[in-house]
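Structure file start_10.pdb; described as PDB, C-alpha atoms, pLDDT in the B column.
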ATOM      1  CA  MET A   1      46.420 -30.063  -1.853  1.00 57.00           C
ATOM      2  CA  GLU A   2      47.332 -30.829  -5.456  1.00 82.00           C
ATOM      3  CA  GLN A   3      44.742 -31.800  -8.045  1.00 94.00           C
ATOM      4  CA  LEU A   4      44.745 -34.443 -10.765  1.00 95.00           C
ATOM      5  CA  THR A   5      43.499 -33.563 -14.226  1.00 96.00           C
ATOM      6  CA  ILE A   6      42.792 -36.458 -16.583  1.00 96.00           C
ATOM      7  CA  ILE A   7      42.428 -36.012 -20.336  1.00 97.00           C
ATOM      8  CA  GLU A   8      41.170 -39.075 -22.225  1.00 96.00           C
ATOM      9  CA  LYS A   9      42.072 -39.840 -25.836  1.00 96.00           C
ATOM     10  CA  GLU A  10      41.339 -42.807 -28.075  1.00 94.00           C
ATOM     11  CA  GLY A  11      44.052 -44.403 -30.212  1.00 89.00           C
ATOM     12  CA  ALA A  12      43.868 -47.099 -32.861  1.00 87.00           C
ATOM     13  CA  ASN A  13      44.477 -49.945 -30.400  1.00 90.00           C
ATOM     14  CA  TYR A  14      44.548 -48.220 -27.026  1.00 95.00           C
ATOM     15  CA  LYS A  15      42.977 -45.661 -24.712  1.00 97.00           C
ATOM     16  CA  MET A  16      45.210 -42.902 -23.374  1.00 97.00           C
ATOM     17  CA  TYR A  17      44.943 -41.009 -20.125  1.00 97.00           C
ATOM     18  CA  LYS A  18      47.059 -37.848 -19.942  1.00 97.00           C
ATOM     19  CA  LEU A  19      47.695 -37.239 -16.243  1.00 97.00           C
ATOM     20  CA  GLN A  20      48.427 -33.704 -15.062  1.00 97.00           C
ATOM     21  CA  GLY A  21      49.151 -32.856 -11.437  1.00 96.00           C
ATOM     22  CA  ALA A  22      49.449 -35.258  -8.509  1.00 97.00           C
ATOM     23  CA  LEU A  23      48.595 -38.955  -8.405  1.00 96.00           C
ATOM     24  CA  ASN A  24      48.333 -39.647  -4.688  1.00 95.00           C
ATOM     25  CA  ALA A  25      45.996 -40.911  -1.968  1.00 94.00           C
ATOM     26  CA  TYR A  26      43.834 -37.788  -2.263  1.00 94.00           C
ATOM     27  CA  THR A  27      43.375 -37.893  -6.049  1.00 95.00           C
ATOM     28  CA  LEU A  28      43.054 -41.630  -6.788  1.00 93.00           C
ATOM     29  CA  GLY A  29      39.312 -42.185  -6.292  1.00 91.00           C
ATOM     30  CA  GLU A  30      37.504 -41.784  -9.596  1.00 85.00           C
ATOM     31  CA  PHE A  31      40.611 -42.350 -11.715  1.00 93.00           C
ATOM     32  CA  SER A  32      41.416 -45.737 -10.182  1.00 95.00           C
ATOM     33  CA  GLU A  33      37.888 -47.033 -10.835  1.00 94.00           C
ATOM     34  CA  LYS A  34      38.084 -45.931 -14.467  1.00 95.00           C
ATOM     35  CA  LEU A  35      41.587 -47.360 -14.904  1.00 97.00           C
ATOM     36  CA  TYR A  36      40.754 -50.735 -13.326  1.00 97.00           C
ATOM     37  CA  SER A  37      37.704 -51.016 -15.580  1.00 97.00           C
ATOM     38  CA  ASP A  38      39.599 -50.197 -18.786  1.00 97.00           C
ATOM     39  CA  VAL A  39      42.801 -52.239 -18.339  1.00 98.00           C
ATOM     40  CA  VAL A  40      40.899 -55.535 -18.505  1.00 98.00           C
ATOM     41  CA  LYS A  41      39.136 -54.538 -21.759  1.00 97.00           C
ATOM     42  CA  MET A  42      41.843 -52.791 -23.803  1.00 97.00           C
ATOM     43  CA  ASN A  43      45.438 -51.602 -23.900  1.00 97.00           C
ATOM     44  CA  VAL A  44      45.878 -48.419 -21.858  1.00 98.00           C
ATOM     45  CA  VAL A  45      48.571 -45.751 -22.099  1.00 98.00           C
ATOM     46  CA  LEU A  46      49.209 -43.413 -19.170  1.00 98.00           C
ATOM     47  CA  ASP A  47      50.916 -40.218 -20.300  1.00 98.00           C
ATOM     48  CA  MET A  48      52.858 -39.333 -17.153  1.00 97.00           C
ATOM     49  CA  SER A  49      54.894 -36.465 -18.607  1.00 97.00           C
ATOM     50  CA  GLU A  50      53.025 -33.829 -16.568  1.00 97.00           C
ATOM     51  CA  LEU A  51      52.770 -35.611 -13.226  1.00 97.00           C
ATOM     52  CA  ILE A  52      54.302 -33.519 -10.461  1.00 96.00           C
ATOM     53  CA  GLU A  53      53.794 -36.123  -7.725  1.00 96.00           C
ATOM     54  CA  LEU A  54      53.477 -39.900  -7.557  1.00 96.00           C
ATOM     55  CA  ASP A  55      53.272 -41.284  -4.019  1.00 95.00           C
ATOM     56  CA  MET A  56      53.098 -44.856  -2.716  1.00 94.00           C
ATOM     57  CA  SER A  57      49.291 -44.894  -2.993  1.00 95.00           C
ATOM     58  CA  GLY A  58      49.550 -43.879  -6.640  1.00 95.00           C
ATOM     59  CA  LEU A  59      52.188 -46.538  -7.268  1.00 95.00           C
ATOM     60  CA  GLY A  60      49.997 -49.134  -5.580  1.00 95.00           C
ATOM     61  CA  CYS A  61      47.131 -48.194  -7.887  1.00 96.00           C
ATOM     62  CA  LEU A  62      49.389 -48.470 -10.946  1.00 96.00           C
ATOM     63  CA  MET A  63      50.787 -51.835  -9.847  1.00 95.00           C
ATOM     64  CA  ALA A  64      47.299 -53.247  -9.248  1.00 96.00           C
ATOM     65  CA  ALA A  65      46.144 -51.996 -12.671  1.00 97.00           C
ATOM     66  CA  PHE A  66      49.289 -53.398 -14.289  1.00 97.00           C
ATOM     67  CA  ASN A  67      48.638 -56.827 -12.731  1.00 97.00           C
ATOM     68  CA  ASP A  68      44.975 -56.738 -13.791  1.00 98.00           C
ATOM     69  CA  SER A  69      45.938 -55.897 -17.380  1.00 98.00           C
ATOM     70  CA  GLU A  70      48.503 -58.716 -17.526  1.00 97.00           C
ATOM     71  CA  GLU A  71      45.948 -61.233 -16.212  1.00 98.00           C
ATOM     72  CA  ALA A  72      43.462 -60.080 -18.878  1.00 98.00           C
ATOM     73  CA  GLY A  73      46.044 -60.366 -21.673  1.00 97.00           C
ATOM     74  CA  LYS A  74      46.180 -56.596 -22.188  1.00 97.00           C
ATOM     75  CA  LYS A  75      48.983 -54.061 -21.732  1.00 97.00           C
ATOM     76  CA  LEU A  76      49.332 -51.015 -19.514  1.00 97.00           C
ATOM     77  CA  TYR A  77      51.973 -48.604 -20.807  1.00 97.00           C
ATOM     78  CA  PHE A  78      53.639 -45.713 -18.984  1.00 96.00           C
ATOM     79  CA  LEU A  79      54.467 -42.949 -21.465  1.00 97.00           C
ATOM     80  CA  SER A  80      57.277 -40.445 -20.817  1.00 97.00           C
ATOM     81  CA  PRO A  81      57.280 -40.390 -17.007  1.00 96.00           C
ATOM     82  CA  SER A  82      58.159 -36.985 -15.534  1.00 97.00           C
ATOM     83  CA  ASN A  83      61.253 -36.723 -13.332  1.00 96.00           C
ATOM     84  CA  GLU A  84      59.081 -37.001 -10.213  1.00 96.00           C
ATOM     85  CA  SER A  85      57.212 -40.082 -11.408  1.00 95.00           C
ATOM     86  CA  GLN A  86      60.418 -41.669 -12.756  1.00 95.00           C
ATOM     87  CA  GLN A  87      62.068 -41.263  -9.352  1.00 95.00           C
ATOM     88  CA  ALA A  88      59.079 -42.883  -7.625  1.00 94.00           C
ATOM     89  CA  ILE A  89      59.062 -45.797 -10.090  1.00 94.00           C
ATOM     90  CA  ASN A  90      62.825 -46.291  -9.710  1.00 93.00           C
ATOM     91  CA  ALA A  91      62.584 -46.219  -5.907  1.00 92.00           C
ATOM     92  CA  SER A  92      59.779 -48.788  -5.955  1.00 89.00           C
ATOM     93  CA  GLY A  93      61.779 -51.383  -7.887  1.00 87.00           C
ATOM     94  CA  PHE A  94      59.062 -51.647 -10.579  1.00 85.00           C
ATOM     95  CA  LYS A  95      61.173 -49.991 -13.297  1.00 87.00           C
ATOM     96  CA  TYR A  96      61.994 -53.302 -14.971  1.00 88.00           C
ATOM     97  CA  ILE A  97      58.463 -54.669 -14.617  1.00 91.00           C
ATOM     98  CA  PHE A  98      56.415 -51.778 -16.024  1.00 93.00           C
ATOM     99  CA  ASN A  99      56.041 -51.174 -19.768  1.00 94.00           C
ATOM    100  CA  LEU A 100      57.834 -47.808 -20.052  1.00 93.00           C
ATOM    101  CA  VAL A 101      57.623 -46.157 -23.492  1.00 94.00           C
ATOM    102  CA  ASN A 102      58.741 -42.838 -24.950  1.00 93.00           C
ATOM    103  CA  SER A 103      56.215 -42.692 -27.802  1.00 92.00           C
ATOM    104  CA  VAL A 104      52.788 -44.111 -28.628  1.00 90.00           C
ATOM    105  CA  THR A 105      54.385 -45.700 -31.704  1.00 88.00           C
ATOM    106  CA  GLU A 106      55.880 -48.224 -29.259  1.00 88.00           C
ATOM    107  CA  VAL A 107      52.397 -49.363 -28.183  1.00 88.00           C
ATOM    108  CA  ALA A 108      51.563 -52.787 -29.625  1.00 74.00           C
TER     109      ALA A 108
END
Could you render the structure as structure tokens?
Amino acid sequence: MEQLTIIEKEGANYKMYKLQGALNAYTLGEFSEKLYSDVVKMNVVLDMSELIELDMSGLGCLMAAFNDSEEAGKKLYFLSPSNESQQAINASGFKYIFNLVNSVTEVA
């Protein structure tokens, strides 16, 4: 079973989570609680460049957090998705809904 490592960083107007490993049904627990709590209070950037797996459970978590952030007037950004996470996002149909960025300088 793959693991998920989360590294938190603070930016000027956002909080960043660097995700390393797999975001799936087995690894969502603690991360989803933290994410849901933060997206309603501040802009959040998810650095997805080192994700090796993103399954439907992970996508569901991201979609729920995205919706929560929009309702709260905040933004959830997806930074540099890895090939695996990009394929999952494309397959889901959320590509044109999510805020995909290539650099934190694009974060408002």
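CA of Thr5 (chain A) is found 20.7 Å from CA of Ser103 (chain A).
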Using all atoms listed in the file, collect all residues at a distance of at most 12 Å from (39.1, -45.6, -11.4) as written in the file, then present them as a ChimeraX atom specification. /A:6,17,23,27-39,58,61-62,64-65
Go through A:Val101, A:Met63, A:Asp55, A:Val107 and flag the residue nearest Ala88 (chain A), using only C-alpha atoms for the distances.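 Closest to Ala88 (chain A), using only C-alpha atoms: A:Asp55.
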So that I can see what lies close to Ser80 (chain A), please list as an MDAnalysis selection string the residues with an atom at most 8 Å from it, counting all atoms listed in the file and leaving out residues fewer than 3 positions away in the same chain. chainID A and resid 47:49 100:103
As an exercise, work out the distance from CA of Lys74 (chain A) to CA of Val44 (chain A) in Å and give it to one decimal place. 8.2 Å
Show which residues sit within 10 Å of Asn43 (chain A), as a list in words. Count only C-alpha atoms, and ignore same-chain residues fewer than 4 positions away.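 In the requested form, the answer reads Gly11, Asn13, Tyr14, Lys15, Met16, Asp38, Val39, Ser69, Gly73, Lys74, Lys75, Leu76, Tyr77, Val107 and Ala108 of chain A.
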Using all atoms listed in the file, which residue out of A:Met56, A:Ala22, A:Ala72, A:Leu79 lies closest to Met42 (chain A)? A:Ala72
Residues around (53.2, -31.7, -11.9), cut-off 6 Å, counting only C-alpha atoms - what are they as an NGL selection string? :A and (21 or 50-52)
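Distance annotation: of A:Val45, A:Leu54, A:Tyr96, A:Asn90, the residue with the minimal separation from Glu10 (chain A) is A:Val45; atom set is only C-alpha atoms.
If you measure from each of A:Lys9, A:Val40, A:Ile89, A:Ser57 to Ala25 (chain A) using only C-alpha atoms, the closest one turns out to be A:Ser57.
Using only C-alpha atoms, the shortest contact distance between Phe94 (chain A) and any of A:Gly60, A:Glu70, A:Gln3, A:Lys41 is found at A:Gly60.
Interatomic distance, CA of Glu53 (chain A) against CA of Phe66 (chain A): 19.0 Å.
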For Tyr26 (chain A), the nearest of the candidates A:Asn99, A:Ser82, A:Gly93, A:Glu2, counting all atoms listed in the file: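 That would be A:Glu2, the residue with the smallest distance to Tyr26 (chain A).
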Could you give me the axis-aligned bounding box of region 5-20 of chain A, with 8 Å of padding per side, as centre plus edge lengths in Å to one decimal, as JSON?
{"center_x": 44.8, "center_y": -41.8, "center_z": -23.5, "size_x": 23.3, "size_y": 32.4, "size_z": 34.6}
